[in-house]
Amino acid sequence: MALQNLYLIHGWGMNRSVWQVIENELKAHFKLHFLDLPGYANAHKHYPADYSLANISEQVAAKVNQPGILLGWSLGGLVAQQIALTQPQKLTHLICLASTPKFQASDNWSGIKPEVLSAFQQQLANDYQKTIERFLAIQTMGSDTARQDVKALKTLLLEHPTPDEFVLAAGLKILAEADLTKQINQISVPTLRLYGKLDSLVPAKAIEPIAQLQPNAQTIIFNKASHAPFISHPLEFSQALLANLPN
């Protein structure tokens with residue numbers, strides 16, 4: 001019996017290497033495909049001049065040659081949701097990992113404070129390395145293994161070229177401006193949403209409002225994880241996937 005296709009999309013500032021942590025746990029159950037966000041890793045020089053959510057999602061979707069499970073982490077989850085809305089025939093299931101239909105906080109929405117995203121945008125032009133290190137620290141904040149998680153992520157990032165500053169800045173702009181809150185109830189494929197309870201980028205206060213917007217989606221919360229539960233709790237994360245997906 002052929003294995004199900006599982007497509008994985010990394011997040012902002014990261015690359016395909018981050019999935020190495022769970023690759024061995026999953027490859028016996030799924031046919032794995034690591035998709036690059038435009039401007040990253042194997043797509044380092046291939047990105048649209050108009051780096052919008054719609055355009056990068058279309059470029060990523062073009063790599064999905066056979067229908068399968070689409071898993072997106074963080075910004076990758078925003079891309080995965082966009083693909084589920086515009087090209088649902090590409091998916092059998094959608095998995096949003098530490099992701100949300102709207103990352104930036106507003107008066108009635110919990111998310112990343114606008115001043116935090118603005119500070120990242122300003123720092124990026126001056127010191128890429130420091131900006132990425134700060135972002136890694138925020139991603140792992142609250143996890144029992146935060147220091148080890150940051151070290152692991154930094155090591156994995158070095159396996160591929162650094163994204164262009166334009167790509168990174170454009171990705172931050174998407175995180176600041178994208179809003180799919182009025183659309184996710186139109187997602188037609190079965191959806192699994194995975195969260196870290198200690199996540200500061202997709203705060204726990206956002207989980208219930210997202211569930212209300214997409215009531216048919218299934219929700220799993222990793223109580224001791226932050227923004228990268230597959231890094232901090234790889235076995236628990238993999239078991240949760242295997243328990244809730246056909247394979």
# chains A, B, ... in the order shown; residues from 1 in each chain; ligands from 1
$ closest_atom_pairs --of "stretch 156-186 of chain A" --to "stretch 13-33 of chain A" --cutoff "10 Å" --atoms "only C-alpha atoms" --output "JSON lines"
{"residue": "A:Leu156", "atom": "CA", "partner": "A:Ser17", "partner_atom": "CA", "distance": 5.5}
{"residue": "A:Leu157", "atom": "CA", "partner": "A:Met14", "partner_atom": "CA", "distance": 6.1}
{"residue": "A:Leu158", "atom": "CA", "partner": "A:Ser17", "partner_atom": "CA", "distance": 8.9}
{"residue": "A:Glu159", "atom": "CA", "partner": "A:Ser17", "partner_atom": "CA", "distance": 6.9}
{"residue": "A:His160", "atom": "CA", "partner": "A:Asn15", "partner_atom": "CA", "distance": 7.3}
{"residue": "A:Pro161", "atom": "CA", "partner": "A:Asn15", "partner_atom": "CA", "distance": 9.2}
{"residue": "A:Thr162", "atom": "CA", "partner": "A:Gly13", "partner_atom": "CA", "distance": 8.5}
{"residue": "A:Pro163", "atom": "CA", "partner": "A:Gly13", "partner_atom": "CA", "distance": 7.5}
{"residue": "A:Val167", "atom": "CA", "partner": "A:Gly13", "partner_atom": "CA", "distance": 9.2}
{"residue": "A:Leu168", "atom": "CA", "partner": "A:Gly13", "partner_atom": "CA", "distance": 6.6}
{"residue": "A:Ala169", "atom": "CA", "partner": "A:Gly13", "partner_atom": "CA", "distance": 9.9}
{"residue": "A:Gly171", "atom": "CA", "partner": "A:Gly13", "partner_atom": "CA", "distance": 8.5}
{"residue": "A:Leu172", "atom": "CA", "partner": "A:Gly13", "partner_atom": "CA", "distance": 9.5}
$ write_last_selection --atoms "N, CA and C atoms" --output "mmCIF file, in the first residue's frame"
data_model
loop_
_atom_site.group_PDB
_atom_site.id
_atom_site.type_symbol
_atom_site.label_atom_id
_atom_site.label_comp_id
_atom_site.auth_asym_id
_atom_site.auth_seq_id
_atom_site.Cartn_x
_atom_site.Cartn_y
_atom_site.Cartn_z
ATOM 1 N N LEU A 156 20.703 23.879 12.438
ATOM 2 C CA LEU A 156 19.980 23.456 11.246
ATOM 3 C C LEU A 156 19.917 24.568 10.195
ATOM 4 N N LEU A 157 19.798 25.799 10.646
ATOM 5 C CA LEU A 157 19.718 26.921 9.713
ATOM 6 C C LEU A 157 20.975 27.051 8.863
ATOM 7 N N LEU A 158 22.104 26.706 9.435
ATOM 8 C CA LEU A 158 23.385 26.876 8.746
ATOM 9 C C LEU A 158 23.568 25.916 7.573
ATOM 10 N N GLU A 159 22.658 24.953 7.416
ATOM 11 C CA GLU A 159 22.802 23.970 6.347
ATOM 12 C C GLU A 159 22.420 24.522 4.972
ATOM 13 N N HIS A 160 21.828 25.727 4.954
ATOM 14 C CA HIS A 160 21.407 26.317 3.676
ATOM 15 C C HIS A 160 21.782 27.801 3.654
ATOM 16 N N PRO A 161 21.824 28.397 2.462
ATOM 17 C CA PRO A 161 22.193 29.814 2.352
ATOM 18 C C PRO A 161 21.227 30.728 3.108
ATOM 19 N N THR A 162 21.745 31.850 3.551
ATOM 20 C CA THR A 162 20.921 32.854 4.210
ATOM 21 C C THR A 162 19.957 33.478 3.198
ATOM 22 N N PRO A 163 18.676 33.599 3.533
ATOM 23 C CA PRO A 163 17.737 34.251 2.606
ATOM 24 C C PRO A 163 18.126 35.713 2.385
ATOM 25 N N VAL A 167 13.624 39.095 0.979
ATOM 26 C CA VAL A 167 12.726 37.975 1.267
ATOM 27 C C VAL A 167 12.299 37.997 2.733
ATOM 28 N N LEU A 168 13.252 38.211 3.619
ATOM 29 C CA LEU A 168 12.954 38.242 5.050
ATOM 30 C C LEU A 168 12.040 39.413 5.402
ATOM 31 N N ALA A 169 12.337 40.587 4.850
ATOM 32 C CA ALA A 169 11.511 41.761 5.124
ATOM 33 C C ALA A 169 10.098 41.575 4.583
ATOM 34 N N GLY A 171 8.572 38.733 4.158
ATOM 35 C CA GLY A 171 7.894 37.756 5.001
ATOM 36 C C GLY A 171 7.349 38.384 6.265
ATOM 37 N N LEU A 172 8.113 39.284 6.866
ATOM 38 C CA LEU A 172 7.629 39.996 8.052
ATOM 39 C C LEU A 172 6.410 40.852 7.712
#
$ residues_around --residues "A:Ala240" --least-positions-apart "3" --cutoff "10 Å" --atoms "only C-alpha atoms" --output "PyMOL selection string"
chain A and resi 194+220-222+234-237+243-245
$ atom_distance --atom1 "atom CA of A:Asp164" --atom2 "atom CA of A:Asp199"
26.9 Å
$ select_by_dssp --residues "stretch 26-160 of chain A" --states "helix (DSSP H, G or I)" --output "NGL selection string"
:A and (26 or 41-43 or 53-61 or 75-86 or 88-90 or 114-126 or 128-140 or 146-157)
$ residues_around --residues "A:Val64" --least-positions-apart "2" --cutoff "12 Å" --atoms "only C-alpha atoms" --output "NGL selection string"
:A and (5-9 or 32-36 or 57-62 or 66-71 or 80 or 83-84 or 87-92)
$ write_last_selection --atoms "C-alpha atoms" --output "PDB file, in the first residue's frame"
ATOM      1  CA  ASN A   5       2.156  12.193   0.813  1.00  0.00           C
ATOM      2  CA  LEU A   6       3.033  14.575   3.642  1.00  0.00           C
ATOM      3  CA  TYR A   7       4.222  18.015   2.511  1.00  0.00           C
ATOM      4  CA  LEU A   8       5.970  20.169   5.138  1.00  0.00           C
ATOM      5  CA  ILE A   9       6.443  23.954   4.905  1.00  0.00           C
ATOM      6  CA  LEU A  32       7.794  13.125   3.002  1.00  0.00           C
ATOM      7  CA  HIS A  33       8.204  16.220   0.835  1.00  0.00           C
ATOM      8  CA  PHE A  34      10.025  19.277   2.220  1.00  0.00           C
ATOM      9  CA  LEU A  35       8.734  22.421   0.516  1.00  0.00           C
ATOM     10  CA  ASP A  36      10.788  25.614   0.535  1.00  0.00           C
ATOM     11  CA  SER A  57       1.473  30.319  -1.844  1.00  0.00           C
ATOM     12  CA  GLU A  58       0.960  29.759  -5.561  1.00  0.00           C
ATOM     13  CA  GLN A  59       4.683  29.058  -5.990  1.00  0.00           C
ATOM     14  CA  VAL A  60       4.683  26.573  -3.105  1.00  0.00           C
ATOM     15  CA  ALA A  61       1.500  24.890  -4.359  1.00  0.00           C
ATOM     16  CA  ALA A  62       3.162  24.293  -7.725  1.00  0.00           C
ATOM     17  CA  GLN A  66       0.097  14.736  -5.980  1.00  0.00           C
ATOM     18  CA  PRO A  67      -2.645  15.391  -3.428  1.00  0.00           C
ATOM     19  CA  GLY A  68      -1.594  14.869   0.164  1.00  0.00           C
ATOM     20  CA  ILE A  69      -1.437  16.184   3.694  1.00  0.00           C
ATOM     21  CA  LEU A  70      -0.125  19.750   3.840  1.00  0.00           C
ATOM     22  CA  LEU A  71       1.586  20.755   7.092  1.00  0.00           C
ATOM     23  CA  ALA A  80      -0.863  26.236   3.823  1.00  0.00           C
ATOM     24  CA  ILE A  83      -3.446  26.967  -0.526  1.00  0.00           C
ATOM     25  CA  ALA A  84      -6.327  25.141   1.186  1.00  0.00           C
ATOM     26  CA  GLN A  87      -6.378  25.090  -4.431  1.00  0.00           C
ATOM     27  CA  PRO A  88      -8.179  22.594  -2.174  1.00  0.00           C
ATOM     28  CA  GLN A  89      -7.690  19.828  -4.747  1.00  0.00           C
ATOM     29  CA  LYS A  90      -4.025  19.732  -3.725  1.00  0.00           C
ATOM     30  CA  LEU A  91      -4.842  18.629  -0.161  1.00  0.00           C
ATOM     31  CA  THR A  92      -6.380  15.666   1.563  1.00  0.00           C
TER      32      THR A  92
END
$ closest_atom_pairs --of "stretch 59-82 of chain A" --to "stretch 201-218 of chain A" --cutoff "12 Å" --atoms "only C-alpha atoms" --output "JSON lines"
{"residue": "A:Trp73", "atom": "CA", "partner": "A:Val202", "partner_atom": "CA", "distance": 11.3}
{"residue": "A:Ser74", "atom": "CA", "partner": "A:Val202", "partner_atom": "CA", "distance": 8.5}
{"residue": "A:Leu75", "atom": "CA", "partner": "A:Leu201", "partner_atom": "CA", "distance": 10.8}
{"residue": "A:Gly77", "atom": "CA", "partner": "A:Val202", "partner_atom": "CA", "distance": 11.6}
{"residue": "A:Gln81", "atom": "CA", "partner": "A:Gln214", "partner_atom": "CA", "distance": 11.6}
$ write_last_selection --atoms "N, CA and C atoms" --output "PDB file, in the first residue's frame"
ATOM      1  N   TRP A  73       4.156  25.243   9.219  1.00  0.00           N
ATOM      2  CA  TRP A  73       4.559  25.758  10.532  1.00  0.00           C
ATOM      3  C   TRP A  73       4.673  27.280  10.468  1.00  0.00           C
ATOM      4  N   SER A  74       4.021  27.972  11.402  1.00  0.00           N
ATOM      5  CA  SER A  74       4.147  29.420  11.546  1.00  0.00           C
ATOM      6  C   SER A  74       3.766  30.125  10.242  1.00  0.00           C
ATOM      7  N   LEU A  75       4.662  30.903   9.628  1.00  0.00           N
ATOM      8  CA  LEU A  75       4.357  31.518   8.331  1.00  0.00           C
ATOM      9  C   LEU A  75       3.994  30.447   7.309  1.00  0.00           C
ATOM     10  N   GLY A  77       2.329  27.882   7.875  1.00  0.00           N
ATOM     11  CA  GLY A  77       0.928  27.553   8.134  1.00  0.00           C
ATOM     12  C   GLY A  77      -0.026  28.542   7.481  1.00  0.00           C
ATOM     13  N   GLN A  81      -2.772  27.480   4.699  1.00  0.00           N
ATOM     14  CA  GLN A  81      -4.185  27.868   4.748  1.00  0.00           C
ATOM     15  C   GLN A  81      -4.611  28.544   3.443  1.00  0.00           C
TER      16      GLN A  81
END
$ residues_around --residues "A:Ser118" --least-positions-apart "5" --cutoff "12 Å" --atoms "only C-alpha atoms" --output "PyMOL selection string"
chain A and resi 104+112-113+123-125+131+169+172-173+175-177
$ atom_distance --atom1 "atom CA of A:Lys63" --atom2 "atom CA of A:Gln129"
29.4 Å
$ select_by_dssp --residues "stretch 67-192 of chain A" --states "strand (DSSP E or B)" --output "PyMOL selection string"
chain A and resi 68-73+91-97+104+106+109+112+191-192
$ atom_distance --atom1 "atom CA of A:Ala119" --atom2 "atom CA of A:Pro38"
23.3 Å
$ residues_around --residues "A:Glu133" --least-positions-apart "5" --cutoff "12 Å" --atoms "only C-alpha atoms" --output "PyMOL selection string"
chain A and resi 13-14+120+123-124+127-128+138-140+147+149-155+157
$ closest_residue --among "A:Leu241, A:Val116, A:Asn55, A:Asp107" --to "A:Phe135" --atoms "only C-alpha atoms"
A:Val116
$ closest_residue --among "A:Gln148, A:Thr100, A:Gln82, A:Thr181" --to "A:His233" --atoms "only C-alpha atoms"
A:Gln148
$ closest_residue --among "A:Gln122, A:Gln183, A:Ser200, A:Ser99" --to "A:Glu165" --atoms "only C-alpha atoms"
A:Gln122
$ closest_residue --among "A:His44, A:Ser110, A:Leu94, A:Ala2" --to "A:Ser188" --atoms "only C-alpha atoms"
A:Leu94
